[in-house]
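File shown here: my_file-v2.txt, holding compact mmCIF, N, CA and C atoms.
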# COMPACT_ATOMS: atom_id res chain seq x y z
N MET A 1 -20.55 37.96 42.33
CA MET A 1 -20.60 38.89 41.23
C MET A 1 -19.87 38.31 40.02
N ILE A 2 -20.47 38.40 38.88
CA ILE A 2 -19.90 37.86 37.65
C ILE A 2 -19.01 38.92 37.02
N ASN A 3 -17.81 38.50 36.69
CA ASN A 3 -16.87 39.41 36.04
C ASN A 3 -16.98 39.21 34.52
N PHE A 4 -17.68 40.15 33.88
CA PHE A 4 -17.94 40.03 32.44
C PHE A 4 -16.69 40.26 31.61
N ARG A 5 -15.75 40.99 32.18
CA ARG A 5 -14.52 41.24 31.46
C ARG A 5 -13.74 39.94 31.25
N LYS A 6 -13.69 39.10 32.28
CA LYS A 6 -12.99 37.82 32.16
C LYS A 6 -13.71 36.89 31.18
N ILE A 7 -15.03 36.92 31.18
CA ILE A 7 -15.80 36.07 30.27
C ILE A 7 -15.56 36.50 28.82
N SER A 8 -15.57 37.80 28.56
CA SER A 8 -15.33 38.26 27.20
C SER A 8 -13.89 37.95 26.76
N GLU A 9 -12.96 38.04 27.70
CA GLU A 9 -11.57 37.68 27.37
C GLU A 9 -11.45 36.19 27.05
N LEU A 10 -12.16 35.36 27.80
CA LEU A 10 -12.17 33.92 27.52
C LEU A 10 -12.80 33.62 26.16
N ASN A 11 -13.89 34.31 25.85
CA ASN A 11 -14.54 34.13 24.55
C ASN A 11 -13.60 34.52 23.41
N ARG A 12 -12.88 35.63 23.59
CA ARG A 12 -11.93 36.05 22.56
C ARG A 12 -10.84 34.99 22.37
N GLN A 13 -10.38 34.45 23.48
CA GLN A 13 -9.33 33.43 23.41
C GLN A 13 -9.84 32.16 22.71
N ILE A 14 -11.08 31.78 23.00
CA ILE A 14 -11.66 30.60 22.35
C ILE A 14 -11.81 30.83 20.85
N ILE A 15 -12.30 32.00 20.46
CA ILE A 15 -12.46 32.33 19.04
C ILE A 15 -11.10 32.35 18.36
N TYR A 16 -10.10 32.93 19.02
CA TYR A 16 -8.75 32.97 18.45
C TYR A 16 -8.20 31.56 18.24
N ASN A 17 -8.39 30.70 19.24
CA ASN A 17 -7.90 29.32 19.13
C ASN A 17 -8.61 28.57 18.00
N ARG A 18 -9.91 28.82 17.84
CA ARG A 18 -10.64 28.18 16.75
C ARG A 18 -10.11 28.63 15.39
N ARG A 19 -9.83 29.93 15.27
CA ARG A 19 -9.31 30.44 14.00
C ARG A 19 -7.94 29.83 13.68
N ILE A 20 -7.10 29.77 14.70
CA ILE A 20 -5.77 29.19 14.49
C ILE A 20 -5.89 27.72 14.09
N GLU A 21 -6.76 26.99 14.76
CA GLU A 21 -6.95 25.57 14.45
C GLU A 21 -7.51 25.39 13.04
N LYS A 22 -8.47 26.25 12.66
CA LYS A 22 -9.04 26.17 11.32
C LYS A 22 -7.97 26.49 10.28
N TYR A 23 -7.14 27.48 10.56
CA TYR A 23 -6.05 27.84 9.65
C TYR A 23 -5.09 26.67 9.49
N ARG A 24 -4.76 26.01 10.59
CA ARG A 24 -3.87 24.85 10.53
C ARG A 24 -4.48 23.72 9.71
N MET A 25 -5.78 23.48 9.91
CA MET A 25 -6.45 22.42 9.16
C MET A 25 -6.45 22.71 7.67
N VAL A 26 -6.76 23.96 7.30
CA VAL A 26 -6.79 24.34 5.89
C VAL A 26 -5.39 24.24 5.31
N ARG A 27 -4.41 24.68 6.06
CA ARG A 27 -3.03 24.64 5.58
C ARG A 27 -2.56 23.20 5.38
N LYS A 28 -2.91 22.31 6.30
CA LYS A 28 -2.55 20.90 6.15
C LYS A 28 -3.23 20.29 4.93
N ARG A 29 -4.49 20.65 4.72
CA ARG A 29 -5.23 20.09 3.60
C ARG A 29 -4.64 20.56 2.27
N VAL A 30 -4.21 21.84 2.21
CA VAL A 30 -3.61 22.35 0.99
C VAL A 30 -2.29 21.63 0.71
N MET A 31 -1.53 21.37 1.76
CA MET A 31 -0.26 20.68 1.57
C MET A 31 -0.48 19.24 1.11
N LEU A 32 -1.59 18.64 1.47
CA LEU A 32 -1.85 17.27 1.04
C LEU A 32 -2.18 17.19 -0.44
N ASP A 33 -2.72 18.24 -1.00
CA ASP A 33 -3.09 18.22 -2.41
C ASP A 33 -1.86 18.50 -3.27
N GLU A 34 -0.99 17.53 -3.34
CA GLU A 34 0.20 17.65 -4.18
C GLU A 34 -0.04 16.80 -5.41
N TYR A 35 0.01 17.44 -6.57
CA TYR A 35 -0.24 16.74 -7.83
C TYR A 35 1.09 16.38 -8.48
N VAL A 36 1.08 15.26 -9.18
CA VAL A 36 2.33 14.74 -9.73
C VAL A 36 2.06 14.01 -11.04
N PHE A 37 3.03 14.06 -11.94
CA PHE A 37 3.02 13.29 -13.17
C PHE A 37 3.87 12.04 -12.96
N TYR A 38 3.32 10.90 -13.30
CA TYR A 38 4.08 9.65 -13.32
C TYR A 38 4.20 9.23 -14.77
N SER A 39 5.37 8.77 -15.15
CA SER A 39 5.58 8.23 -16.48
C SER A 39 6.27 6.88 -16.34
N ILE A 40 5.68 5.84 -16.91
CA ILE A 40 6.20 4.48 -16.79
C ILE A 40 6.63 4.02 -18.17
N LEU A 41 7.90 3.63 -18.29
CA LEU A 41 8.48 3.21 -19.56
C LEU A 41 8.50 1.69 -19.65
N ASN A 42 8.15 1.17 -20.81
CA ASN A 42 8.21 -0.27 -21.08
C ASN A 42 9.67 -0.64 -21.32
N THR A 43 10.30 -1.32 -20.36
CA THR A 43 11.71 -1.67 -20.48
C THR A 43 11.93 -3.01 -21.19
N ASP A 44 10.86 -3.66 -21.60
CA ASP A 44 10.97 -4.93 -22.32
C ASP A 44 11.47 -4.70 -23.75
N ILE A 45 11.21 -3.52 -24.28
CA ILE A 45 11.60 -3.20 -25.65
C ILE A 45 12.93 -2.45 -25.62
N PRO A 46 13.94 -2.96 -26.32
CA PRO A 46 15.24 -2.25 -26.32
C PRO A 46 15.15 -0.97 -27.14
N MET A 47 15.59 0.13 -26.54
CA MET A 47 15.62 1.40 -27.25
C MET A 47 16.76 2.25 -26.71
N GLU A 48 17.22 3.16 -27.54
CA GLU A 48 18.31 4.05 -27.15
C GLU A 48 17.83 5.03 -26.09
N LEU A 49 18.77 5.64 -25.41
CA LEU A 49 18.46 6.58 -24.34
C LEU A 49 17.68 7.79 -24.86
N GLY A 50 18.08 8.31 -26.02
CA GLY A 50 17.39 9.46 -26.59
C GLY A 50 15.97 9.14 -27.01
N VAL A 51 15.77 7.96 -27.55
CA VAL A 51 14.42 7.54 -27.96
C VAL A 51 13.54 7.37 -26.74
N ALA A 52 14.09 6.79 -25.67
CA ALA A 52 13.32 6.61 -24.44
C ALA A 52 12.94 7.97 -23.85
N ALA A 53 13.89 8.91 -23.83
CA ALA A 53 13.61 10.25 -23.30
C ALA A 53 12.55 10.95 -24.15
N SER A 54 12.63 10.76 -25.46
CA SER A 54 11.65 11.36 -26.37
C SER A 54 10.25 10.79 -26.13
N MET A 55 10.15 9.48 -25.94
CA MET A 55 8.85 8.85 -25.70
C MET A 55 8.25 9.31 -24.37
N ILE A 56 9.07 9.41 -23.34
CA ILE A 56 8.60 9.88 -22.03
C ILE A 56 8.09 11.31 -22.15
N THR A 57 8.85 12.15 -22.85
CA THR A 57 8.45 13.55 -23.02
C THR A 57 7.16 13.66 -23.82
N ARG A 58 7.05 12.89 -24.89
CA ARG A 58 5.82 12.92 -25.69
C ARG A 58 4.61 12.48 -24.88
N GLY A 59 4.79 11.47 -24.03
CA GLY A 59 3.69 10.99 -23.19
C GLY A 59 3.24 12.04 -22.19
N ILE A 60 4.19 12.69 -21.53
CA ILE A 60 3.84 13.70 -20.53
C ILE A 60 3.22 14.92 -21.20
N LEU A 61 3.79 15.36 -22.33
CA LEU A 61 3.22 16.52 -23.02
C LEU A 61 1.83 16.21 -23.58
N GLY A 62 1.63 15.01 -24.08
CA GLY A 62 0.30 14.64 -24.58
C GLY A 62 -0.74 14.67 -23.47
N LEU A 63 -0.37 14.13 -22.31
CA LEU A 63 -1.30 14.16 -21.17
C LEU A 63 -1.52 15.58 -20.67
N HIS A 64 -0.45 16.38 -20.63
CA HIS A 64 -0.57 17.77 -20.18
C HIS A 64 -1.51 18.55 -21.10
N ASN A 65 -1.35 18.39 -22.40
CA ASN A 65 -2.23 19.09 -23.34
C ASN A 65 -3.67 18.61 -23.24
N LYS A 66 -3.86 17.32 -23.02
CA LYS A 66 -5.21 16.78 -22.86
C LYS A 66 -5.89 17.36 -21.62
N LEU A 67 -5.15 17.46 -20.52
CA LEU A 67 -5.72 18.00 -19.28
C LEU A 67 -5.91 19.51 -19.35
N ALA A 68 -5.01 20.20 -20.05
CA ALA A 68 -5.11 21.66 -20.14
C ALA A 68 -6.33 22.10 -20.94
N THR A 69 -6.76 21.30 -21.89
CA THR A 69 -7.94 21.66 -22.68
C THR A 69 -9.24 21.30 -21.99
N ASP A 70 -9.18 20.45 -20.98
CA ASP A 70 -10.37 20.05 -20.23
C ASP A 70 -10.66 21.10 -19.15
N ARG A 71 -11.84 21.71 -19.20
CA ARG A 71 -12.17 22.79 -18.26
C ARG A 71 -12.21 22.33 -16.81
N ALA A 72 -12.63 21.12 -16.57
CA ALA A 72 -12.75 20.63 -15.20
C ALA A 72 -11.39 20.28 -14.59
N LYS A 73 -10.45 19.85 -15.41
CA LYS A 73 -9.16 19.39 -14.89
C LYS A 73 -8.05 20.42 -15.03
N ASN A 74 -8.29 21.49 -15.76
CA ASN A 74 -7.28 22.52 -15.96
C ASN A 74 -6.81 23.16 -14.65
N PRO A 75 -7.68 23.45 -13.66
CA PRO A 75 -7.18 24.06 -12.41
C PRO A 75 -6.15 23.20 -11.68
N TYR A 76 -6.25 21.89 -11.80
CA TYR A 76 -5.27 21.02 -11.14
C TYR A 76 -3.91 21.11 -11.81
N VAL A 77 -3.91 21.23 -13.14
CA VAL A 77 -2.66 21.39 -13.87
C VAL A 77 -2.04 22.74 -13.54
N VAL A 78 -2.86 23.78 -13.44
CA VAL A 78 -2.36 25.10 -13.08
C VAL A 78 -1.79 25.08 -11.67
N GLN A 79 -2.45 24.39 -10.76
CA GLN A 79 -1.93 24.27 -9.39
C GLN A 79 -0.60 23.53 -9.39
N TRP A 80 -0.47 22.50 -10.23
CA TRP A 80 0.79 21.77 -10.34
C TRP A 80 1.89 22.69 -10.86
N GLN A 81 1.56 23.54 -11.85
CA GLN A 81 2.55 24.46 -12.41
C GLN A 81 2.94 25.53 -11.41
N ASN A 82 1.97 26.06 -10.66
CA ASN A 82 2.24 27.14 -9.73
C ASN A 82 2.89 26.69 -8.44
N SER A 83 2.89 25.39 -8.18
CA SER A 83 3.51 24.91 -6.95
C SER A 83 5.01 25.13 -6.96
N GLY A 84 5.59 25.33 -8.13
CA GLY A 84 7.00 25.63 -8.22
C GLY A 84 7.89 24.41 -8.12
N ARG A 85 7.37 23.36 -7.59
CA ARG A 85 8.16 22.14 -7.48
C ARG A 85 7.40 20.99 -8.13
N GLY A 86 6.86 21.26 -9.31
CA GLY A 86 6.08 20.26 -10.01
C GLY A 86 6.89 18.99 -10.21
N LYS A 87 6.37 17.89 -9.74
CA LYS A 87 7.11 16.64 -9.78
C LYS A 87 6.72 15.82 -11.00
N ILE A 88 7.75 15.27 -11.63
CA ILE A 88 7.58 14.29 -12.69
C ILE A 88 8.42 13.09 -12.29
N ILE A 89 7.78 11.96 -12.09
CA ILE A 89 8.47 10.76 -11.63
C ILE A 89 8.45 9.73 -12.76
N VAL A 90 9.62 9.22 -13.12
CA VAL A 90 9.75 8.26 -14.20
C VAL A 90 10.11 6.90 -13.61
N LEU A 91 9.31 5.89 -13.93
CA LEU A 91 9.47 4.55 -13.37
C LEU A 91 9.66 3.52 -14.47
N GLN A 92 10.12 2.33 -14.08
CA GLN A 92 10.31 1.23 -15.02
C GLN A 92 9.10 0.31 -15.02
N GLY A 93 8.59 0.02 -16.20
CA GLY A 93 7.56 -1.00 -16.34
C GLY A 93 8.18 -2.25 -16.93
N TYR A 94 7.55 -3.39 -16.73
CA TYR A 94 8.15 -4.65 -17.17
C TYR A 94 7.87 -4.95 -18.63
N ASP A 95 6.60 -4.93 -19.01
CA ASP A 95 6.23 -5.24 -20.39
C ASP A 95 4.87 -4.62 -20.69
N HIS A 96 4.34 -4.93 -21.87
CA HIS A 96 3.07 -4.36 -22.32
C HIS A 96 1.92 -4.72 -21.38
N LYS A 97 1.85 -5.97 -20.96
CA LYS A 97 0.76 -6.40 -20.08
C LYS A 97 0.83 -5.70 -18.73
N HIS A 98 2.02 -5.46 -18.25
CA HIS A 98 2.19 -4.76 -16.97
C HIS A 98 1.70 -3.32 -17.08
N LEU A 99 2.03 -2.65 -18.19
CA LEU A 99 1.57 -1.28 -18.38
C LEU A 99 0.05 -1.22 -18.54
N LYS A 100 -0.54 -2.20 -19.22
CA LYS A 100 -2.00 -2.25 -19.34
C LYS A 100 -2.65 -2.44 -17.98
N TYR A 101 -2.06 -3.30 -17.15
CA TYR A 101 -2.56 -3.52 -15.80
C TYR A 101 -2.49 -2.22 -14.98
N LEU A 102 -1.37 -1.51 -15.07
CA LEU A 102 -1.23 -0.25 -14.34
C LEU A 102 -2.22 0.80 -14.84
N GLU A 103 -2.48 0.81 -16.15
CA GLU A 103 -3.45 1.75 -16.70
C GLU A 103 -4.84 1.47 -16.15
N ASN A 104 -5.22 0.20 -16.07
CA ASN A 104 -6.53 -0.15 -15.52
C ASN A 104 -6.63 0.17 -14.03
N GLU A 105 -5.53 0.01 -13.30
CA GLU A 105 -5.53 0.34 -11.87
C GLU A 105 -5.63 1.85 -11.65
N ALA A 106 -4.94 2.62 -12.49
CA ALA A 106 -4.90 4.07 -12.32
C ALA A 106 -6.10 4.78 -12.92
N LYS A 107 -6.92 4.07 -13.65
CA LYS A 107 -8.05 4.69 -14.36
C LYS A 107 -8.99 5.44 -13.42
N PHE A 108 -9.24 4.89 -12.25
CA PHE A 108 -10.21 5.49 -11.34
C PHE A 108 -9.58 6.42 -10.31
N ALA A 109 -8.29 6.26 -10.05
CA ALA A 109 -7.63 7.09 -9.04
C ALA A 109 -7.01 8.35 -9.64
N ALA A 110 -6.67 8.32 -10.91
CA ALA A 110 -5.95 9.42 -11.54
C ALA A 110 -6.91 10.41 -12.19
N LEU A 111 -6.42 11.63 -12.39
CA LEU A 111 -7.20 12.62 -13.12
C LEU A 111 -7.12 12.39 -14.62
N GLY A 112 -6.03 11.79 -15.07
CA GLY A 112 -5.90 11.51 -16.49
C GLY A 112 -4.77 10.54 -16.77
N THR A 113 -4.93 9.78 -17.85
CA THR A 113 -3.88 8.87 -18.31
C THR A 113 -3.69 9.06 -19.80
N HIS A 114 -2.48 8.78 -20.26
CA HIS A 114 -2.17 8.88 -21.68
C HIS A 114 -1.13 7.82 -22.01
N ALA A 115 -1.34 7.08 -23.07
CA ALA A 115 -0.42 6.01 -23.45
C ALA A 115 0.11 6.26 -24.86
N ILE A 116 1.38 5.95 -25.05
CA ILE A 116 2.01 6.01 -26.37
C ILE A 116 2.18 4.56 -26.84
N TYR A 117 1.64 4.27 -28.01
CA TYR A 117 1.71 2.92 -28.57
C TYR A 117 2.63 2.90 -29.79
N HIS A 118 3.17 1.73 -30.07
CA HIS A 118 3.92 1.49 -31.30
C HIS A 118 3.25 0.32 -32.02
N ARG A 119 3.10 0.47 -33.34
CA ARG A 119 2.41 -0.57 -34.11
C ARG A 119 3.41 -1.43 -34.87
N TRP A 120 3.22 -2.74 -34.78
CA TRP A 120 3.91 -3.70 -35.61
C TRP A 120 2.85 -4.54 -36.30
N TYR A 121 2.73 -4.37 -37.58
CA TYR A 121 1.72 -5.06 -38.36
C TYR A 121 0.33 -4.85 -37.74
N HIS A 122 -0.26 -5.88 -37.16
CA HIS A 122 -1.59 -5.73 -36.56
C HIS A 122 -1.53 -5.62 -35.04
N ASN A 123 -0.35 -5.59 -34.48
CA ASN A 123 -0.20 -5.52 -33.03
C ASN A 123 0.14 -4.10 -32.59
N ARG A 124 -0.33 -3.77 -31.40
CA ARG A 124 0.03 -2.49 -30.79
C ARG A 124 0.66 -2.78 -29.43
N ILE A 125 1.80 -2.15 -29.18
CA ILE A 125 2.50 -2.35 -27.92
C ILE A 125 2.64 -1.00 -27.24
N MET A 126 2.27 -0.96 -25.96
CA MET A 126 2.37 0.27 -25.19
C MET A 126 3.83 0.52 -24.82
N LEU A 127 4.35 1.69 -25.20
CA LEU A 127 5.72 2.04 -24.88
C LEU A 127 5.81 2.85 -23.59
N VAL A 128 4.91 3.82 -23.43
CA VAL A 128 4.95 4.72 -22.28
C VAL A 128 3.53 4.94 -21.78
N LEU A 129 3.38 4.92 -20.47
CA LEU A 129 2.12 5.27 -19.82
C LEU A 129 2.37 6.49 -18.94
N SER A 130 1.62 7.55 -19.16
CA SER A 130 1.73 8.76 -18.34
C SER A 130 0.45 8.94 -17.55
N VAL A 131 0.60 9.30 -16.27
CA VAL A 131 -0.54 9.41 -15.35
C VAL A 131 -0.38 10.70 -14.56
N PHE A 132 -1.50 11.42 -14.35
CA PHE A 132 -1.50 12.64 -13.55
C PHE A 132 -2.58 12.55 -12.50
N GLY A 133 -2.26 12.96 -11.28
CA GLY A 133 -3.25 12.95 -10.21
C GLY A 133 -2.64 13.33 -8.88
N ARG A 134 -3.46 13.21 -7.83
CA ARG A 134 -2.98 13.48 -6.48
C ARG A 134 -1.99 12.41 -6.07
N LYS A 135 -0.91 12.84 -5.47
CA LYS A 135 0.16 11.91 -5.12
C LYS A 135 -0.31 10.85 -4.14
N GLU A 136 -1.14 11.22 -3.18
CA GLU A 136 -1.59 10.28 -2.16
C GLU A 136 -2.44 9.16 -2.75
N GLU A 137 -3.21 9.48 -3.79
CA GLU A 137 -4.09 8.49 -4.39
C GLU A 137 -3.37 7.57 -5.36
N ILE A 138 -2.33 8.09 -6.01
CA ILE A 138 -1.68 7.33 -7.07
C ILE A 138 -0.47 6.55 -6.59
N GLU A 139 0.23 7.03 -5.57
CA GLU A 139 1.50 6.42 -5.21
C GLU A 139 1.36 4.97 -4.74
N ASP A 140 0.19 4.58 -4.26
CA ASP A 140 -0.01 3.19 -3.86
C ASP A 140 -0.01 2.24 -5.07
N ILE A 141 -0.45 2.74 -6.21
CA ILE A 141 -0.50 1.91 -7.41
C ILE A 141 0.91 1.61 -7.91
N PHE A 142 1.79 2.61 -7.86
CA PHE A 142 3.14 2.47 -8.39
C PHE A 142 4.17 2.22 -7.30
N ASP A 143 3.74 1.67 -6.18
CA ASP A 143 4.61 1.53 -5.01
C ASP A 143 5.79 0.59 -5.24
N GLY A 144 5.60 -0.52 -5.91
CA GLY A 144 6.66 -1.51 -6.04
C GLY A 144 7.62 -1.28 -7.20
N LEU A 145 7.38 -0.26 -8.01
CA LEU A 145 8.21 -0.04 -9.19
C LEU A 145 9.47 0.74 -8.84
N SER A 146 10.54 0.48 -9.58
CA SER A 146 11.79 1.20 -9.33
C SER A 146 11.92 2.36 -10.32
N TYR A 147 12.74 3.33 -9.93
CA TYR A 147 12.97 4.50 -10.77
C TYR A 147 13.78 4.11 -12.00
N LEU A 148 13.54 4.82 -13.10
CA LEU A 148 14.28 4.57 -14.33
C LEU A 148 15.66 5.19 -14.19
N ARG A 149 16.68 4.43 -14.54
CA ARG A 149 18.06 4.95 -14.45
C ARG A 149 18.64 5.11 -15.81
With the file now loaded, output its structure as C-alpha cells.
Amino acid sequence: MINFRKISELNRQIIYNRRIEKYRMVRKRVMLDEYVFYSILNTDIPMELGVAASMITRGILGLHNKLATDRAKNPYVVQWQNSGRGKIIVLQGYDHKHLKYLENEAKFAALGTHAIYHRWYHNRIMLVLSVFGRKEEIEDIFDGLSYLR
C-alpha cells in the first residue's frame, strides 16, 4: 500500500529545499554585485596634498555626474549609493603613460571612466583617472598598485 501522506510530505520538503537553495543563490549573486569607484593619481607630477585631494574629488564627481545622467548606468550608481558602504579606493599611478595604459585596460571592464588632464602648451598630461564598475571585474586591472598615502 502506498502512503500518499509520506509522498506529499517528501514533495513539500523537496520544494522547500529548492526555495532555500534558490534564495541562497540569489543572495550570493546580489552580494557579488559590489560596485566601487577607483581613482588613480599621477604621482610623477609634484603637487600639494590639497591639490591632489581636489583633483581626485573632481575626477570622481565628474564620473558620478556622467553616470547619473546616463539612463542605462544610473541604476548601478543608485545601487552603489544605497549599499551604505559605497567604496572609493584611491591608488598611486606612476606617470601619464601608466594611466593611459590603465584607461585602455579598464575601458571594456568598467561601466565608466573619466580622466582629468592638465595642459602645458600643446601637451596634455593625465592627472587623475577615475573608474566605476563591478569590483570583481575591475580589481584585477589595479591589482599591483599601492594605496595613496
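Residue nearest A:His118, chosen from A:Asn42, A:Phe142, A:Pro75, A:Ile60 and counting only C-alpha atoms: A:Asn42.
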Between atom CA of A:Met47 and atom CA of A:Gly93, distance in Å (one decimal):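 That distance, rounded to one decimal, is 13.8 Å.
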Go ahead and compute the interatomic distance for atom CA of A:Thr43 and atom CA of A:Leu67, in Å to one decimal. 26.3 Å
Which of these, A:Asn65, A:Ser146, A:Gln92, A:Asn104, has the shortest distance to A:Leu41 once you count all atoms listed in the file?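 Of A:Asn65, A:Ser146, A:Gln92, A:Asn104, the one nearest A:Leu41, counting all atoms listed in the file, is A:Gln92.
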Edge lengths and centre in Å, axis-aligned, stretch 117-128 of chain A plus 6 Å each side, as lines of an AutoDock Vina configuration file:
center_x = 2.1
center_y = -0.5
center_z = -30.1
size_x = 19.4
size_y = 22.8
size_z = 28.6
When you count only C-alpha atoms, which of these residues is closest to A:Lys66: A:Leu111, A:Val36, A:Ala52, A:Leu145? A:Leu111
